[in-house]
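Novice: This is model_39.tsv (TSV, N, CA and C atoms).
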chain	number	residue	atom	x	y	z
A	1	MET	N	-0.70	22.39	-28.96
A	1	MET	CA	-0.63	22.84	-27.58
A	1	MET	C	0.32	21.92	-26.81
A	2	THR	N	1.20	22.49	-26.02
A	2	THR	CA	2.15	21.74	-25.22
A	2	THR	C	1.45	21.14	-24.01
A	3	THR	N	1.70	19.86	-23.75
A	3	THR	CA	1.06	19.14	-22.65
A	3	THR	C	2.08	18.83	-21.57
A	4	VAL	N	1.67	19.09	-20.32
A	4	VAL	CA	2.51	18.85	-19.15
A	4	VAL	C	1.88	17.76	-18.30
A	5	TYR	N	2.67	16.74	-17.97
A	5	TYR	CA	2.22	15.67	-17.08
A	5	TYR	C	2.71	15.99	-15.66
A	6	LEU	N	1.83	15.88	-14.68
A	6	LEU	CA	2.13	16.21	-13.29
A	6	LEU	C	2.49	14.95	-12.51
A	7	ALA	N	3.77	14.65	-12.43
A	7	ALA	CA	4.26	13.45	-11.75
A	7	ALA	C	4.64	13.78	-10.31
A	8	GLY	N	4.47	12.81	-9.42
A	8	GLY	CA	4.88	13.00	-8.03
A	8	GLY	C	4.21	11.99	-7.12
A	9	ALA	N	4.51	12.13	-5.85
A	9	ALA	CA	4.02	11.20	-4.84
A	9	ALA	C	2.50	11.13	-4.83
A	10	ILE	N	1.99	9.90	-4.73
A	10	ILE	CA	0.56	9.67	-4.54
A	10	ILE	C	0.37	8.62	-3.46
A	11	ASP	N	0.96	7.44	-3.66
A	11	ASP	CA	0.79	6.33	-2.72
A	11	ASP	C	1.20	6.72	-1.30
A	12	GLY	N	0.30	6.45	-0.35
A	12	GLY	CA	0.61	6.64	1.05
A	12	GLY	C	0.69	8.08	1.51
A	13	GLN	N	0.28	9.01	0.67
A	13	GLN	CA	0.35	10.43	1.03
A	13	GLN	C	-1.06	10.98	1.26
A	14	PRO	N	-1.19	12.00	2.11
A	14	PRO	CA	-2.50	12.61	2.32
A	14	PRO	C	-3.05	13.20	1.01
A	15	ALA	N	-4.33	13.02	0.77
A	15	ALA	CA	-4.96	13.47	-0.47
A	15	ALA	C	-4.72	14.95	-0.73
A	16	ASP	N	-4.80	15.79	0.31
A	16	ASP	CA	-4.61	17.22	0.08
A	16	ASP	C	-3.18	17.53	-0.35
A	17	GLN	N	-2.21	16.82	0.17
A	17	GLN	CA	-0.82	17.01	-0.23
A	17	GLN	C	-0.60	16.60	-1.68
A	18	VAL	N	-1.27	15.54	-2.08
A	18	VAL	CA	-1.13	14.99	-3.42
A	18	VAL	C	-1.80	15.90	-4.46
A	19	THR	N	-2.93	16.48	-4.11
A	19	THR	CA	-3.71	17.23	-5.09
A	19	THR	C	-3.47	18.74	-5.05
A	20	CYS	N	-3.09	19.29	-3.93
A	20	CYS	CA	-2.98	20.76	-3.79
A	20	CYS	C	-1.99	21.34	-4.80
A	21	TRP	N	-0.77	20.80	-4.84
A	21	TRP	CA	0.21	21.37	-5.76
A	21	TRP	C	-0.21	21.14	-7.21
A	22	ARG	N	-0.85	20.01	-7.47
A	22	ARG	CA	-1.28	19.72	-8.84
A	22	ARG	C	-2.37	20.69	-9.30
A	23	ARG	N	-3.31	21.01	-8.41
A	23	ARG	CA	-4.35	21.99	-8.77
A	23	ARG	C	-3.74	23.35	-9.09
A	24	LYS	N	-2.80	23.77	-8.24
A	24	LYS	CA	-2.15	25.07	-8.46
A	24	LYS	C	-1.39	25.06	-9.78
A	25	ALA	N	-0.59	24.03	-10.01
A	25	ALA	CA	0.19	23.94	-11.25
A	25	ALA	C	-0.73	23.93	-12.47
A	26	ALA	N	-1.78	23.13	-12.42
A	26	ALA	CA	-2.70	23.02	-13.55
A	26	ALA	C	-3.33	24.37	-13.86
A	27	GLN	N	-3.74	25.09	-12.83
A	27	GLN	CA	-4.38	26.39	-13.05
A	27	GLN	C	-3.42	27.36	-13.74
A	28	VAL	N	-2.22	27.48	-13.21
A	28	VAL	CA	-1.25	28.43	-13.78
A	28	VAL	C	-0.84	28.01	-15.19
A	29	LEU	N	-0.57	26.73	-15.38
A	29	LEU	CA	-0.16	26.26	-16.70
A	29	LEU	C	-1.27	26.47	-17.74
A	30	LYS	N	-2.51	26.14	-17.37
A	30	LYS	CA	-3.63	26.34	-18.31
A	30	LYS	C	-3.81	27.81	-18.64
A	31	GLU	N	-3.65	28.69	-17.65
A	31	GLU	CA	-3.74	30.14	-17.89
A	31	GLU	C	-2.67	30.62	-18.86
A	32	ASN	N	-1.59	29.85	-18.97
A	32	ASN	CA	-0.49	30.21	-19.87
A	32	ASN	C	-0.48	29.38	-21.15
A	33	GLY	N	-1.60	28.74	-21.46
A	33	GLY	CA	-1.76	28.08	-22.74
A	33	GLY	C	-1.30	26.63	-22.83
A	34	PHE	N	-1.05	26.00	-21.70
A	34	PHE	CA	-0.63	24.60	-21.69
A	34	PHE	C	-1.83	23.69	-21.44
A	35	SER	N	-1.73	22.48	-21.92
A	35	SER	CA	-2.66	21.42	-21.56
A	35	SER	C	-1.99	20.65	-20.42
A	36	VAL	N	-2.80	20.10	-19.50
A	36	VAL	CA	-2.25	19.42	-18.33
A	36	VAL	C	-2.88	18.05	-18.17
A	37	ILE	N	-2.04	17.08	-17.83
A	37	ILE	CA	-2.51	15.75	-17.47
A	37	ILE	C	-2.19	15.54	-16.00
A	38	ASP	N	-3.25	15.38	-15.21
A	38	ASP	CA	-3.13	15.17	-13.77
A	38	ASP	C	-3.57	13.74	-13.46
A	39	PRO	N	-2.65	12.87	-13.04
A	39	PRO	CA	-3.02	11.47	-12.80
A	39	PRO	C	-3.97	11.27	-11.63
A	40	THR	N	-4.21	12.29	-10.82
A	40	THR	CA	-5.15	12.16	-9.71
A	40	THR	C	-6.56	12.59	-10.10
A	41	GLU	N	-6.69	13.25	-11.22
A	41	GLU	CA	-7.99	13.78	-11.63
A	41	GLU	C	-8.99	12.64	-11.85
A	42	GLY	N	-10.14	12.78	-11.22
A	42	GLY	CA	-11.21	11.80	-11.37
A	42	GLY	C	-11.03	10.53	-10.56
A	43	LYS	N	-10.03	10.51	-9.67
A	43	LYS	CA	-9.80	9.32	-8.86
A	43	LYS	C	-10.14	9.58	-7.40
A	44	ASP	N	-10.64	8.55	-6.75
A	44	ASP	CA	-10.82	8.57	-5.30
A	44	ASP	C	-9.52	8.04	-4.71
A	45	LEU	N	-8.76	8.90	-4.08
A	45	LEU	CA	-7.43	8.53	-3.60
A	45	LEU	C	-7.46	7.62	-2.38
A	46	THR	N	-8.66	7.30	-1.88
A	46	THR	CA	-8.77	6.36	-0.77
A	46	THR	C	-9.13	4.96	-1.26
A	47	THR	N	-9.33	4.82	-2.57
A	47	THR	CA	-9.70	3.54	-3.18
A	47	THR	C	-8.47	2.83	-3.71
A	48	PHE	N	-8.44	1.51	-3.56
A	48	PHE	CA	-7.36	0.72	-4.15
A	48	PHE	C	-7.79	0.34	-5.56
A	49	TYR	N	-7.01	0.73	-6.54
A	49	TYR	CA	-7.28	0.42	-7.94
A	49	TYR	C	-6.42	-0.76	-8.39
A	50	ASP	N	-6.80	-1.35	-9.50
A	50	ASP	CA	-6.01	-2.41	-10.09
A	50	ASP	C	-4.67	-1.80	-10.52
A	51	PRO	N	-3.54	-2.31	-10.01
A	51	PRO	CA	-2.23	-1.74	-10.35
A	51	PRO	C	-1.98	-1.66	-11.85
A	52	ARG	N	-2.46	-2.64	-12.59
A	52	ARG	CA	-2.26	-2.64	-14.04
A	52	ARG	C	-2.91	-1.41	-14.67
A	53	ASP	N	-4.14	-1.10	-14.24
A	53	ASP	CA	-4.84	0.07	-14.79
A	53	ASP	C	-4.10	1.36	-14.49
A	54	ILE	N	-3.63	1.51	-13.24
A	54	ILE	CA	-2.94	2.73	-12.85
A	54	ILE	C	-1.63	2.87	-13.62
A	55	VAL	N	-0.81	1.83	-13.60
A	55	VAL	CA	0.51	1.91	-14.24
A	55	VAL	C	0.39	2.13	-15.74
A	56	GLU	N	-0.44	1.37	-16.40
A	56	GLU	CA	-0.57	1.50	-17.86
A	56	GLU	C	-1.13	2.86	-18.26
A	57	THR	N	-2.11	3.35	-17.50
A	57	THR	CA	-2.67	4.67	-17.79
A	57	THR	C	-1.64	5.77	-17.56
A	58	ASP	N	-0.94	5.71	-16.43
A	58	ASP	CA	0.05	6.75	-16.14
A	58	ASP	C	1.18	6.76	-17.16
A	59	LEU	N	1.68	5.60	-17.54
A	59	LEU	CA	2.75	5.55	-18.54
A	59	LEU	C	2.26	6.02	-19.91
A	60	ALA	N	1.04	5.68	-20.26
A	60	ALA	CA	0.47	6.18	-21.53
A	60	ALA	C	0.36	7.70	-21.49
A	61	ASN	N	0.02	8.25	-20.33
A	61	ASN	CA	-0.07	9.70	-20.21
A	61	ASN	C	1.30	10.37	-20.26
A	62	VAL	N	2.32	9.73	-19.72
A	62	VAL	CA	3.68	10.25	-19.88
A	62	VAL	C	4.03	10.29	-21.37
A	63	ASP	N	3.65	9.24	-22.10
A	63	ASP	CA	3.91	9.19	-23.54
A	63	ASP	C	3.22	10.33	-24.28
A	64	LEU	N	2.03	10.72	-23.82
A	64	LEU	CA	1.28	11.79	-24.48
A	64	LEU	C	1.83	13.18	-24.17
A	65	ALA	N	2.49	13.32	-23.05
A	65	ALA	CA	2.96	14.63	-22.60
A	65	ALA	C	4.21	15.07	-23.35
A	66	ASP	N	4.42	16.38	-23.35
A	66	ASP	CA	5.62	16.97	-23.95
A	66	ASP	C	6.66	17.30	-22.88
A	67	ILE	N	6.18	17.58	-21.67
A	67	ILE	CA	7.03	17.99	-20.54
A	67	ILE	C	6.52	17.27	-19.30
A	68	ILE	N	7.44	16.92	-18.40
A	68	ILE	CA	7.06	16.33	-17.12
A	68	ILE	C	7.41	17.33	-16.02
A	69	LEU	N	6.41	17.69	-15.23
A	69	LEU	CA	6.63	18.49	-14.02
A	69	LEU	C	6.59	17.51	-12.87
A	70	LEU	N	7.73	17.34	-12.21
A	70	LEU	CA	7.91	16.26	-11.26
A	70	LEU	C	8.13	16.79	-9.84
A	71	GLU	N	7.22	16.42	-8.95
A	71	GLU	CA	7.33	16.80	-7.53
A	71	GLU	C	8.24	15.82	-6.83
A	72	MET	N	9.20	16.35	-6.09
A	72	MET	CA	10.12	15.54	-5.28
A	72	MET	C	10.33	16.31	-3.98
A	73	ASN	N	9.26	16.43	-3.19
A	73	ASN	CA	9.29	17.33	-2.04
A	73	ASN	C	8.98	16.64	-0.71
A	74	THR	N	8.84	15.31	-0.70
A	74	THR	CA	8.51	14.61	0.53
A	74	THR	C	9.68	13.73	0.95
A	75	LYS	N	10.43	14.19	1.90
A	75	LYS	CA	11.59	13.42	2.38
A	75	LYS	C	11.12	12.07	2.93
A	76	GLY	N	11.86	11.01	2.61
A	76	GLY	CA	11.54	9.69	3.10
A	76	GLY	C	10.53	8.92	2.26
A	77	HIS	N	9.94	9.55	1.25
A	77	HIS	CA	8.99	8.85	0.39
A	77	HIS	C	9.76	8.11	-0.70
A	78	ALA	N	9.30	6.93	-1.07
A	78	ALA	CA	10.03	6.08	-2.02
A	78	ALA	C	10.02	6.62	-3.46
A	79	TYR	N	8.95	7.24	-3.90
A	79	TYR	CA	8.85	7.78	-5.26
A	79	TYR	C	9.11	6.72	-6.33
A	80	ILE	N	8.64	5.51	-6.13
A	80	ILE	CA	8.89	4.44	-7.09
A	80	ILE	C	8.23	4.72	-8.44
A	81	GLY	N	6.93	4.99	-8.42
A	81	GLY	CA	6.23	5.27	-9.67
A	81	GLY	C	6.74	6.54	-10.34
A	82	THR	N	7.04	7.54	-9.54
A	82	THR	CA	7.55	8.80	-10.07
A	82	THR	C	8.88	8.58	-10.78
A	83	ALA	N	9.75	7.77	-10.19
A	83	ALA	CA	11.05	7.48	-10.81
A	83	ALA	C	10.86	6.77	-12.15
A	84	ILE	N	9.91	5.88	-12.22
A	84	ILE	CA	9.66	5.16	-13.47
A	84	ILE	C	9.12	6.12	-14.52
A	85	GLU	N	8.21	7.00	-14.12
A	85	GLU	CA	7.69	8.01	-15.05
A	85	GLU	C	8.80	8.93	-15.53
A	86	MET	N	9.69	9.33	-14.63
A	86	MET	CA	10.81	10.19	-14.98
A	86	MET	C	11.69	9.50	-16.02
A	87	ARG	N	12.02	8.25	-15.77
A	87	ARG	CA	12.88	7.51	-16.70
A	87	ARG	C	12.22	7.37	-18.06
A	88	ARG	N	10.93	7.08	-18.07
A	88	ARG	CA	10.19	6.93	-19.33
A	88	ARG	C	10.27	8.22	-20.14
A	89	ALA	N	10.02	9.34	-19.49
A	89	ALA	CA	10.07	10.63	-20.17
A	89	ALA	C	11.49	10.93	-20.66
A	90	TRP	N	12.47	10.67	-19.82
A	90	TRP	CA	13.87	10.92	-20.16
A	90	TRP	C	14.27	10.11	-21.39
A	91	GLU	N	13.86	8.85	-21.44
A	91	GLU	CA	14.18	8.00	-22.59
A	91	GLU	C	13.59	8.54	-23.89
A	92	GLN	N	12.51	9.31	-23.77
A	92	GLN	CA	11.87	9.90	-24.94
A	92	GLN	C	12.39	11.30	-25.23
A	93	GLY	N	13.36	11.75	-24.46
A	93	GLY	CA	13.96	13.07	-24.68
A	93	GLY	C	13.10	14.23	-24.24
A	94	LYS	N	12.16	13.97	-23.33
A	94	LYS	CA	11.26	15.03	-22.86
A	94	LYS	C	11.88	15.76	-21.68
A	95	PRO	N	11.67	17.07	-21.58
A	95	PRO	CA	12.16	17.79	-20.41
A	95	PRO	C	11.49	17.28	-19.13
A	96	VAL	N	12.30	17.05	-18.12
A	96	VAL	CA	11.82	16.64	-16.80
A	96	VAL	C	12.18	17.77	-15.84
A	97	ILE	N	11.18	18.55	-15.48
A	97	ILE	CA	11.38	19.70	-14.61
A	97	ILE	C	10.99	19.28	-13.20
A	98	CYS	N	11.99	19.15	-12.35
A	98	CYS	CA	11.80	18.63	-10.99
A	98	CYS	C	11.79	19.77	-9.99
A	99	TRP	N	10.88	19.67	-9.01
A	99	TRP	CA	10.87	20.66	-7.93
A	99	TRP	C	10.76	19.95	-6.59
A	100	GLY	N	11.34	20.56	-5.57
A	100	GLY	CA	11.25	20.03	-4.21
A	100	GLY	C	12.62	19.90	-3.59
A	101	THR	N	12.63	19.53	-2.33
A	101	THR	CA	13.88	19.47	-1.58
A	101	THR	C	14.29	18.05	-1.20
A	102	ALA	N	13.48	17.06	-1.55
A	102	ALA	CA	13.82	15.67	-1.23
A	102	ALA	C	14.71	15.07	-2.31
A	103	ASN	N	15.60	14.21	-1.90
A	103	ASN	CA	16.42	13.40	-2.80
A	103	ASN	C	17.32	14.20	-3.73
A	104	ARG	N	17.61	15.42	-3.39
A	104	ARG	CA	18.44	16.26	-4.27
A	104	ARG	C	19.86	15.73	-4.43
A	105	GLU	N	20.29	14.91	-3.48
A	105	GLU	CA	21.64	14.34	-3.57
A	105	GLU	C	21.69	13.09	-4.45
A	106	SER	N	20.55	12.62	-4.89
A	106	SER	CA	20.49	11.39	-5.70
A	106	SER	C	21.16	11.59	-7.05
A	107	TYR	N	22.13	10.74	-7.34
A	107	TYR	CA	22.78	10.80	-8.65
A	107	TYR	C	21.78	10.52	-9.76
A	108	PHE	N	20.87	9.58	-9.53
A	108	PHE	CA	19.90	9.22	-10.56
A	108	PHE	C	18.93	10.37	-10.84
A	109	LEU	N	18.48	11.03	-9.81
A	109	LEU	CA	17.58	12.17	-10.01
A	109	LEU	C	18.31	13.28	-10.75
A	110	ARG	N	19.49	13.62	-10.32
A	110	ARG	CA	20.25	14.70	-10.94
A	110	ARG	C	20.59	14.37	-12.40
A	111	TYR	N	20.83	13.12	-12.70
A	111	TYR	CA	21.14	12.70	-14.06
A	111	TYR	C	19.94	12.85	-14.99
A	112	HIS	N	18.76	12.46	-14.52
A	112	HIS	CA	17.57	12.43	-15.36
A	112	HIS	C	16.80	13.75	-15.41
A	113	ALA	N	16.98	14.60	-14.42
A	113	ALA	CA	16.24	15.86	-14.38
A	113	ALA	C	16.87	16.87	-15.33
A	114	THR	N	16.04	17.49	-16.13
A	114	THR	CA	16.50	18.57	-17.00
A	114	THR	C	16.81	19.80	-16.17
A	115	ALA	N	15.98	20.04	-15.16
A	115	ALA	CA	16.18	21.15	-14.23
A	115	ALA	C	15.69	20.73	-12.86
A	116	MET	N	16.39	21.18	-11.83
A	116	MET	CA	15.99	20.90	-10.45
A	116	MET	C	15.81	22.23	-9.72
A	117	LEU	N	14.58	22.48	-9.31
A	117	LEU	CA	14.23	23.70	-8.62
A	117	LEU	C	13.73	23.37	-7.23
A	118	GLU	N	13.81	24.32	-6.33
A	118	GLU	CA	13.35	24.07	-4.97
A	118	GLU	C	11.84	24.23	-4.81
A	119	THR	N	11.23	25.14	-5.57
A	119	THR	CA	9.81	25.41	-5.36
A	119	THR	C	8.98	25.14	-6.61
A	120	LEU	N	7.71	24.91	-6.38
A	120	LEU	CA	6.77	24.72	-7.48
A	120	LEU	C	6.71	25.96	-8.36
A	121	ASP	N	6.69	27.13	-7.75
A	121	ASP	CA	6.61	28.37	-8.52
A	121	ASP	C	7.81	28.52	-9.46
A	122	GLU	N	9.00	28.17	-8.97
A	122	GLU	CA	10.19	28.23	-9.83
A	122	GLU	C	10.06	27.26	-11.00
A	123	ALA	N	9.58	26.06	-10.72
A	123	ALA	CA	9.44	25.03	-11.76
A	123	ALA	C	8.42	25.46	-12.81
A	124	ILE	N	7.30	25.99	-12.36
A	124	ILE	CA	6.28	26.47	-13.31
A	124	ILE	C	6.86	27.58	-14.16
A	125	GLY	N	7.62	28.48	-13.54
A	125	GLY	CA	8.25	29.57	-14.29
A	125	GLY	C	9.17	29.07	-15.39
A	126	VAL	N	9.94	28.03	-15.11
A	126	VAL	CA	10.83	27.45	-16.11
A	126	VAL	C	10.01	26.91	-17.28
A	127	ILE	N	8.90	26.25	-16.98
A	127	ILE	CA	8.06	25.70	-18.05
A	127	ILE	C	7.41	26.81	-18.85
A	128	VAL	N	6.81	27.76	-18.18
A	128	VAL	CA	6.11	28.85	-18.87
A	128	VAL	C	7.06	29.64	-19.76
A	129	ASN	N	8.28	29.86	-19.28
A	129	ASN	CA	9.26	30.63	-20.05
A	129	ASN	C	10.00	29.79	-21.08
A	130	GLY	N	9.79	28.47	-21.06
A	130	GLY	CA	10.45	27.60	-22.01
A	130	GLY	C	11.96	27.51	-21.80
A	131	ASN	N	12.38	27.76	-20.58
A	131	ASN	CA	13.80	27.78	-20.25
A	131	ASN	C	14.18	26.48	-19.55
A	132	TYR	N	14.71	25.52	-20.29
A	132	TYR	CA	15.04	24.22	-19.74
A	132	TYR	C	16.55	24.04	-19.63
A	133	PRO	N	17.17	24.60	-18.61
A	133	PRO	CA	18.63	24.45	-18.49
A	133	PRO	C	18.98	23.00	-18.15
A	134	ARG	N	20.13	22.58	-18.61
A	134	ARG	CA	20.60	21.22	-18.27
A	134	ARG	C	21.34	21.27	-16.95
A	135	ASP	N	20.86	20.53	-15.97
A	135	ASP	CA	21.53	20.47	-14.67
A	135	ASP	C	22.77	19.61	-14.84
A	136	THR	N	23.91	20.15	-14.45
A	136	THR	CA	25.17	19.44	-14.63
A	136	THR	C	25.47	18.48	-13.49
A	137	GLY	N	24.67	18.52	-12.44
A	137	GLY	CA	24.90	17.65	-11.30
A	137	GLY	C	25.88	18.23	-10.31
A	138	SER	N	26.29	19.47	-10.51
A	138	SER	CA	27.24	20.08	-9.58
A	138	SER	C	26.57	20.36	-8.24
A	139	GLN	N	27.32	20.28	-7.17
A	139	GLN	CA	26.80	20.54	-5.83
A	139	GLN	C	26.65	22.04	-5.64
A	140	GLU	N	25.55	22.43	-5.04
A	140	GLU	CA	25.30	23.85	-4.80
A	140	GLU	C	25.86	24.27	-3.47
Would you put the structure from the file into structure tokens?
Specialist:
Amino acid sequence: MTTVYLAGAIDGQPADQVTCWRRKAAQVLKENGFSVIDPTEGKDLTTFYDPRDIVETDLANVDLADIILLEMNTKGHAYIGTAIEMRRAWEQGKPVICWGTANRESYFLRYHATAMLETLDEAIGVIVNGNYPRDTGSQE
């Protein structure tokens, strides 16, 4: 079974914003035969955890996944952990399917993303259909 890791903003973001898109993605992906790893599952997002536990667990989960679905939809957010997860997946040759409207001009994002879509629905569609086009970095 193909496993999808749900990467994206968590730190400093409202819990509903962090979990809403992940719940929707997980539901649709599971309905289509995928396994999903959600780094927010089972966590109290108002609690401060030991950084070592969070980082090591999240990176281990990236290692377990076959595909990364990466949210990049909050303008002005640093996305530090998300960028590290993206790089880790990219180094392993895993598809990084990015969605959102933030940071689209970033050379680093465009270089590492297998596909860049504007909406979650588009990104899920790419994963479900197994269509991973290589983004050339051209300006739209």
Novice: What gap, in Å, lies between atom C of A:Val62 and atom N of A:Asp16?
Specialist: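 Interatomic distance, atom C of A:Val62 to atom N of A:Asp16: 24.0 Å.
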Novice: Quick one: distance from atom N of A:Ile97 to atom N of A:Arg22 in Å, one decimal?
Specialist: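 These atoms are spaced 14.5 Å apart.
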Novice: From the set A:Gly76, A:Pro39, A:Pro14, A:Gly33, which residue has the shortest atom-to-atom contact distance to A:Val128, counting only C-alpha atoms?
Specialist: A:Gly33
Novice: Taking only chain A into account, list the residues labelled strand (DSSP E or B) by DSSP (computed from the backbone), as a PyMOL selection string.
Specialist: chain A and resi 3-7+35-37+67-71+96-99+115-117
Novice: Would you work out the distance separating atom N of A:Ala78 from atom N of A:Ala102, expressed in Å to one decimal?
Specialist: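 Separation of atom N of A:Ala78 and atom N of A:Ala102: 11.0 Å.
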Novice: Identify, with DSSP run on backbone atoms, the residues in stretch 3-127 of chain A assigned to helix (DSSP H, G or I), and express the list as a VMD selection string.
Specialist: chain A and resid 15 to 31 51 to 64 80 to 91 107 to 112 120 to 127
Novice: For A:Leu70, which of A:Gly42, A:Glu122, A:Cys98, A:Ile10 is the closest residue, counting only N, CA and C atoms?
Specialist: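 For A:Leu70, the nearest of the given residues is A:Cys98.
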Novice: Check the smallest atom-to-atom distance from each of A:Thr82, A:Thr57, A:Asn131, A:Thr101 to A:Thr114 using only N, CA and C atoms, then report the winner.
Specialist: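 Closest residue, counting only N, CA and C atoms: A:Asn131.
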Novice: Point out the residue among A:Ala115, A:Leu45, A:Ala26, A:Met86 with the least atom-to-atom distance to A:Gln13, counting only C-alpha atoms.
Specialist: A:Leu45
Novice: Between A:Gln17, A:Ala65, A:Gly93, A:Pro51, which has the minimum distance to A:Ser35 (counting only C-alpha atoms)?
Specialist: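 The shortest atom-to-atom distance to A:Ser35 comes from A:Ala65.
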Novice: In terms of the shortest atom-to-atom distance over all atoms listed in the file, which of A:Leu109, A:Val55, A:Tyr132, A:Val18 is closest to A:Thr40?
Specialist: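 Smallest distance to A:Thr40 is found for A:Val18.
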